[in-house]
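Worksheet for the structure shown next.
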Amino acid sequence: MKALKKVGGWLALALWVVFALPGTAEAGAPEDVKVERREFPVRLANGQGYSVVGYLYYQGSLKNRPVQILSHGITYNHGYWDLPEINGQEYSYARYMARQHYAVLALDLPGAGESERVDGDVLNLAESASALHQVAQQLRATAEKNTFETLIYVGHSNGALISTYAQALYGDAQAVVMTGWLNTAHEVPVPAELLLGFLQQGPYIRVPTELRAPLFYEPTNADPAVIAYDNEVADTVTRGQFMDLLTVLAVPRLIPTGAISVPVMVQLGEKDLVASAVYGENEAKAYPNAPQVRVDTLENTGHVFNGHYSRREGWARIDAWLRALSR
């Protein structure tokens, strides 16, 4: 059954590439992208139900559109994937990909954005992965014919960790894309005592602006207005999730990457202080059962990929990699 499921997933992905996407993606005007707010009921380990909010972006019909399910990192919500136009420049990954003929579901993970707030000490990595899995299941269960047959997990930073964990446990997606995250051992240039000190804030943690800006951006490759906006709208992260993040950073073998058996793309920033491309040479080895692993580096790019001048190059590479999977 697992073999049939795997073959079926690859077939769906191949058919999408052949029939749903033109050889060259057509770029439409930003206002042509439709945006729908959707709510997904999820049940966590405590038996209680919660609401997860997602925003669905697409252009034209949803028929034969693979769906990218986007998971944000800490201090963010779905807005990371839909940054506004600033100084005449577009920064929205979600709208860019919608114009490349994907459906794009940008989630507010539990406890973030418009999703229901959960006990911040209960909401950890396993619970977040379970919620992501339940959203993926609901997309498949409620899909009309030729809609949402192909699921692609795309995660940034801690959202990439959650996507990895969810795929390893539940296997819902046909491909996984990670940006700004390494599932192998690497250093983060922040004193451990500072990170541990955040835990004293309470069940919901806010990372201070004076740390976010230098840790997340390469200033020579980003608009100061974008950095200012990013800091202004920064969200919180639950203490349970943050504790698990610190745990796997220290002991990455706790991440069951060997259970991932679909193509994986890892995109790293040359100047990323959180997940430096310097450590990327060993990343492919973390997925011994993935049929394909691509480790990609964006030059002169810091951690917040979508906020840098190089963002469109990164987006184009993700799109090209997804299109090439069936060749």
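By convention here, the chains of the structure tokens are called A, B, ... in the order presented, each chain's residues are numbered starting at 1, and ligands are numbered starting at 1 in the order presented.
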TODO: Pull the strand (DSSP E) assignments for region 109-159 of chain A out of DSSP run on the backbone, and list those residues as an MDAnalysis selection string.
DONE: chainID A and resid 151:156
Open item on the list: Would you compute the distance between CA of Trp321 (chain A) and CA of Val262 (chain A)? Give it in Å to one decimal.
Closed with: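 Value for the CA of Trp321 (chain A)-CA of Val262 (chain A) distance: 13.4 Å.
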Which region 83-194 of chain A residues have any atom within 12 Å of an atom of region 205-213 of chain A, and for each, what is the nearest pair of atoms with distance in Å to one decimal, counting only C-alpha atoms, rows sorted by chain and number, as CSV?
residue,atom,partner,partner_atom,distance
A:Gly111,CA,A:Ile205,CA,11.1
A:Ala112,CA,A:Ile205,CA,11.2
A:Gly120,CA,A:Ile205,CA,8.9
A:Asp121,CA,A:Ile205,CA,10.7
A:Pro189,CA,A:Leu211,CA,11.1
A:Val190,CA,A:Leu211,CA,9.0
A:Pro191,CA,A:Leu211,CA,11.4
A:Leu194,CA,A:Leu211,CA,10.3
- [ ] Quick one: everything within 12 Å of Arg294 (chain A), counting only C-alpha atoms, minus sequence neighbours fewer than 5 positions away in the same chain. Send it as a PyMOL selection string.
- [x] chain A and resi 175-179+262-268+280-287+317-318+320-322+324-325
Please, could you write that set of residues out with C-alpha atoms as a PDB file, in the first residue's frame?
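Resulting contents of out_7.pdb:
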ATOM      1  CA  ALA A 175       7.519  17.218  -2.091  1.00  0.00           C
ATOM      2  CA  VAL A 176       9.051  19.315   0.686  1.00  0.00           C
ATOM      3  CA  VAL A 177      10.746  22.704   0.326  1.00  0.00           C
ATOM      4  CA  MET A 178      12.645  24.219   3.243  1.00  0.00           C
ATOM      5  CA  THR A 179      14.108  27.707   3.436  1.00  0.00           C
ATOM      6  CA  VAL A 262       9.733  12.337  -1.273  1.00  0.00           C
ATOM      7  CA  PRO A 263      11.909  14.928  -3.072  1.00  0.00           C
ATOM      8  CA  VAL A 264      13.400  17.593  -0.805  1.00  0.00           C
ATOM      9  CA  MET A 265      14.720  21.050  -1.602  1.00  0.00           C
ATOM     10  CA  VAL A 266      16.710  23.025   0.971  1.00  0.00           C
ATOM     11  CA  GLN A 267      17.352  26.689   0.251  1.00  0.00           C
ATOM     12  CA  LEU A 268      20.002  28.413   2.368  1.00  0.00           C
ATOM     13  CA  GLY A 280      24.864  22.916   3.698  1.00  0.00           C
ATOM     14  CA  GLU A 281      27.396  20.422   2.351  1.00  0.00           C
ATOM     15  CA  ASN A 282      26.176  17.780   4.825  1.00  0.00           C
ATOM     16  CA  GLU A 283      22.464  18.526   4.592  1.00  0.00           C
ATOM     17  CA  ALA A 284      21.640  16.078   1.772  1.00  0.00           C
ATOM     18  CA  LYS A 285      22.868  13.205   3.940  1.00  0.00           C
ATOM     19  CA  ALA A 286      20.043  13.915   6.393  1.00  0.00           C
ATOM     20  CA  TYR A 287      17.511  12.451   3.921  1.00  0.00           C
ATOM     21  CA  ARG A 317      14.519  28.447  -8.236  1.00  0.00           C
ATOM     22  CA  ILE A 318      11.828  26.796  -6.100  1.00  0.00           C
ATOM     23  CA  ALA A 320      11.877  25.605 -11.449  1.00  0.00           C
ATOM     24  CA  TRP A 321      12.750  22.716  -9.133  1.00  0.00           C
ATOM     25  CA  LEU A 322       9.118  21.763  -8.666  1.00  0.00           C
ATOM     26  CA  ALA A 324      11.528  19.647 -13.071  1.00  0.00           C
ATOM     27  CA  LEU A 325      10.488  16.837 -10.714  1.00  0.00           C
TER      28      LEU A 325
END
Task: Exercise: Glu36 (chain A) partners within 9 Å, only C-alpha atoms, chain neighbours under 6 positions left out, as JSON, numbers by chain - done: {"A": [54, 55, 56, 57, 58]}
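Between Ala98 (chain A) and the residues A:Ala129, A:Val118, A:Val35, A:Ala136, the shortest atom-to-atom distance, using only C-alpha atoms, involves A:Val35.
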- [ ] Quick one: everything within 9 Å of region 159-167 of chain A, counting only C-alpha atoms, minus sequence neighbours fewer than 5 positions away in the same chain. Send it as a ChimeraX atom specification.
- [x] /A:70-74,109,125-126,128-133,153-154,172-173,176-183,245,255-257,259-262
Selection: 10 Å around Glu299 (chain A), only C-alpha atoms, excl. self and same-chain fewer than 5 positions, as a JSON list (two decimals) with all heavy atoms, in the first residue's frame:
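Saved as result.json:
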[["chain", "number", "residue", "atom", "x", "y", "z"],
["A", 221, "ASN", "N", 21.68, 43.82, 1.52],
["A", 221, "ASN", "CA", 20.82, 43.20, 0.51],
["A", 221, "ASN", "C", 19.35, 43.31, 0.89],
["A", 221, "ASN", "O", 18.55, 42.46, 0.53],
["A", 221, "ASN", "CB", 21.21, 41.73, 0.34],
["A", 221, "ASN", "CG", 20.56, 41.08, -0.88],
["A", 221, "ASN", "OD1", 20.21, 41.76, -1.84],
["A", 221, "ASN", "ND2", 20.38, 39.77, -0.83],
["A", 268, "LEU", "N", 19.25, 27.78, 1.30],
["A", 268, "LEU", "CA", 20.00, 28.41, 2.37],
["A", 268, "LEU", "C", 20.55, 29.76, 1.93],
["A", 268, "LEU", "O", 20.80, 29.98, 0.74],
["A", 268, "LEU", "CB", 21.17, 27.51, 2.79],
["A", 268, "LEU", "CG", 20.80, 26.09, 3.23],
["A", 268, "LEU", "CD1", 22.05, 25.25, 3.42],
["A", 268, "LEU", "CD2", 19.97, 26.12, 4.52],
["A", 269, "GLY", "N", 20.73, 30.65, 2.90],
["A", 269, "GLY", "CA", 21.28, 31.96, 2.62],
["A", 269, "GLY", "C", 22.77, 32.01, 2.93],
["A", 269, "GLY", "O", 23.21, 31.53, 3.97],
["A", 270, "GLU", "N", 23.53, 32.60, 2.03],
["A", 270, "GLU", "CA", 24.98, 32.69, 2.24],
["A", 270, "GLU", "C", 25.31, 33.47, 3.52],
["A", 270, "GLU", "O", 26.26, 33.14, 4.23],
["A", 270, "GLU", "CB", 25.61, 33.40, 1.04],
["A", 270, "GLU", "CG", 27.12, 33.53, 1.14],
["A", 270, "GLU", "CD", 27.70, 34.41, 0.05],
["A", 270, "GLU", "OE1", 26.96, 35.25, -0.50],
["A", 270, "GLU", "OE2", 28.90, 34.27, -0.23],
["A", 271, "LYS", "N", 24.51, 34.48, 3.86],
["A", 271, "LYS", "CA", 24.76, 35.32, 5.02],
["A", 271, "LYS", "C", 23.75, 35.04, 6.14],
["A", 271, "LYS", "O", 23.57, 35.88, 7.04],
["A", 271, "LYS", "CB", 24.70, 36.79, 4.62],
["A", 271, "LYS", "CG", 25.73, 37.20, 3.57],
["A", 271, "LYS", "CD", 27.15, 37.08, 4.09],
["A", 271, "LYS", "CE", 28.18, 37.53, 3.08],
["A", 271, "LYS", "NZ", 28.12, 38.97, 2.79],
["A", 272, "ASP", "N", 23.09, 33.91, 6.09],
["A", 272, "ASP", "CA", 22.09, 33.54, 7.11],
["A", 272, "ASP", "C", 22.81, 33.13, 8.39],
["A", 272, "ASP", "O", 23.55, 32.14, 8.40],
["A", 272, "ASP", "CB", 21.20, 32.41, 6.59],
["A", 272, "ASP", "CG", 20.05, 32.09, 7.52],
["A", 272, "ASP", "OD1", 20.02, 32.61, 8.66],
["A", 272, "ASP", "OD2", 19.17, 31.31, 7.11],
["A", 277, "ALA", "N", 24.60, 28.70, 5.02],
["A", 277, "ALA", "CA", 24.91, 27.81, 3.90],
["A", 277, "ALA", "C", 26.26, 27.12, 4.08],
["A", 277, "ALA", "O", 26.55, 26.13, 3.41],
["A", 277, "ALA", "CB", 24.90, 28.60, 2.60],
["A", 310, "SER", "N", 17.14, 39.60, -3.05],
["A", 310, "SER", "CA", 17.35, 38.37, -3.81],
["A", 310, "SER", "C", 16.17, 37.41, -3.77],
["A", 310, "SER", "O", 16.25, 36.30, -4.28],
["A", 310, "SER", "CB", 18.58, 37.64, -3.25],
["A", 310, "SER", "OG", 18.47, 37.48, -1.84],
["A", 313, "GLU", "N", 14.84, 35.62, -7.03],
["A", 313, "GLU", "CA", 15.72, 34.58, -7.52],
["A", 313, "GLU", "C", 15.45, 33.28, -6.78],
["A", 313, "GLU", "O", 15.39, 32.20, -7.37],
["A", 313, "GLU", "CB", 17.18, 35.00, -7.34],
["A", 313, "GLU", "CG", 18.19, 33.93, -7.71],
["A", 313, "GLU", "CD", 18.17, 33.55, -9.18],
["A", 313, "GLU", "OE1", 17.71, 34.37, -10.00],
["A", 313, "GLU", "OE2", 18.62, 32.44, -9.52],
["A", 314, "GLY", "N", 15.29, 33.38, -5.46],
["A", 314, "GLY", "CA", 14.98, 32.20, -4.67],
["A", 314, "GLY", "C", 13.64, 31.60, -5.04],
["A", 314, "GLY", "O", 13.50, 30.37, -5.16]]
Task: Selection: 8 Å around Gln68 (chain A), only C-alpha atoms, excl. self and same-chain fewer than 6 positions, as a ChimeraX atom specification - done: /A:102-105,151-154
Go ahead and save the picked residues with N, CA, C and O atoms, as a PDB file, in the first residue's frame.
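Okay, again.pdb is ready:
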ATOM      1  N   TYR A 102       0.108  27.888  -9.130  1.00  0.00           N
ATOM      2  CA  TYR A 102      -0.086  27.057  -7.947  1.00  0.00           C
ATOM      3  C   TYR A 102      -1.275  27.610  -7.165  1.00  0.00           C
ATOM      4  O   TYR A 102      -1.604  28.799  -7.277  1.00  0.00           O
ATOM      5  N   ALA A 103      -1.895  26.762  -6.367  1.00  0.00           N
ATOM      6  CA  ALA A 103      -2.716  27.257  -5.273  1.00  0.00           C
ATOM      7  C   ALA A 103      -1.783  27.336  -4.068  1.00  0.00           C
ATOM      8  O   ALA A 103      -0.915  26.484  -3.888  1.00  0.00           O
ATOM      9  N   VAL A 104      -1.932  28.362  -3.265  1.00  0.00           N
ATOM     10  CA  VAL A 104      -1.008  28.594  -2.160  1.00  0.00           C
ATOM     11  C   VAL A 104      -1.813  28.823  -0.886  1.00  0.00           C
ATOM     12  O   VAL A 104      -2.630  29.746  -0.825  1.00  0.00           O
ATOM     13  N   LEU A 105      -1.617  27.976   0.106  1.00  0.00           N
ATOM     14  CA  LEU A 105      -2.298  28.120   1.386  1.00  0.00           C
ATOM     15  C   LEU A 105      -1.284  28.540   2.436  1.00  0.00           C
ATOM     16  O   LEU A 105      -0.456  27.737   2.871  1.00  0.00           O
ATOM     17  N   LEU A 151       0.049  17.892  -2.948  1.00  0.00           N
ATOM     18  CA  LEU A 151       0.373  18.769  -1.826  1.00  0.00           C
ATOM     19  C   LEU A 151       1.887  18.937  -1.745  1.00  0.00           C
ATOM     20  O   LEU A 151       2.644  17.968  -1.845  1.00  0.00           O
ATOM     21  N   ILE A 152       2.317  20.160  -1.542  1.00  0.00           N
ATOM     22  CA  ILE A 152       3.729  20.480  -1.394  1.00  0.00           C
ATOM     23  C   ILE A 152       3.897  21.257  -0.096  1.00  0.00           C
ATOM     24  O   ILE A 152       3.251  22.298   0.092  1.00  0.00           O
ATOM     25  N   TYR A 153       4.707  20.754   0.809  1.00  0.00           N
ATOM     26  CA  TYR A 153       5.009  21.498   2.024  1.00  0.00           C
ATOM     27  C   TYR A 153       6.139  22.485   1.742  1.00  0.00           C
ATOM     28  O   TYR A 153       7.195  22.099   1.222  1.00  0.00           O
ATOM     29  N   VAL A 154       5.912  23.742   2.105  1.00  0.00           N
ATOM     30  CA  VAL A 154       6.952  24.757   2.019  1.00  0.00           C
ATOM     31  C   VAL A 154       7.035  25.423   3.388  1.00  0.00           C
ATOM     32  O   VAL A 154       6.043  25.963   3.877  1.00  0.00           O
TER      33      VAL A 154
END
- [ ] Check the DSSP output for the backbone and give back, as an MDAnalysis selection string, the residues of region 230-281 of chain A in helix (DSSP H, G or I).
- [x] chainID A and resid 230:232 239:250 252:254 257:259 277:281
Open item on the list: Could you check the closest approach to Leu139 (chain A) for each of A:Pro110, A:Gly197, A:Gly79, A:Pro41 and tell me which residue wins, using only C-alpha atoms?
Closed with: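 Of A:Pro110, A:Gly197, A:Gly79, A:Pro41, the one nearest Leu139 (chain A), counting only C-alpha atoms, is A:Pro41.
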Task: Between CA of Glu149 (chain A) and CA of Asn64 (chain A) - distance in Å to one decimal - done: 7.7 Å
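CA of Tyr204 (chain A) lies 27.0 Å from CA of Thr184 (chain A).
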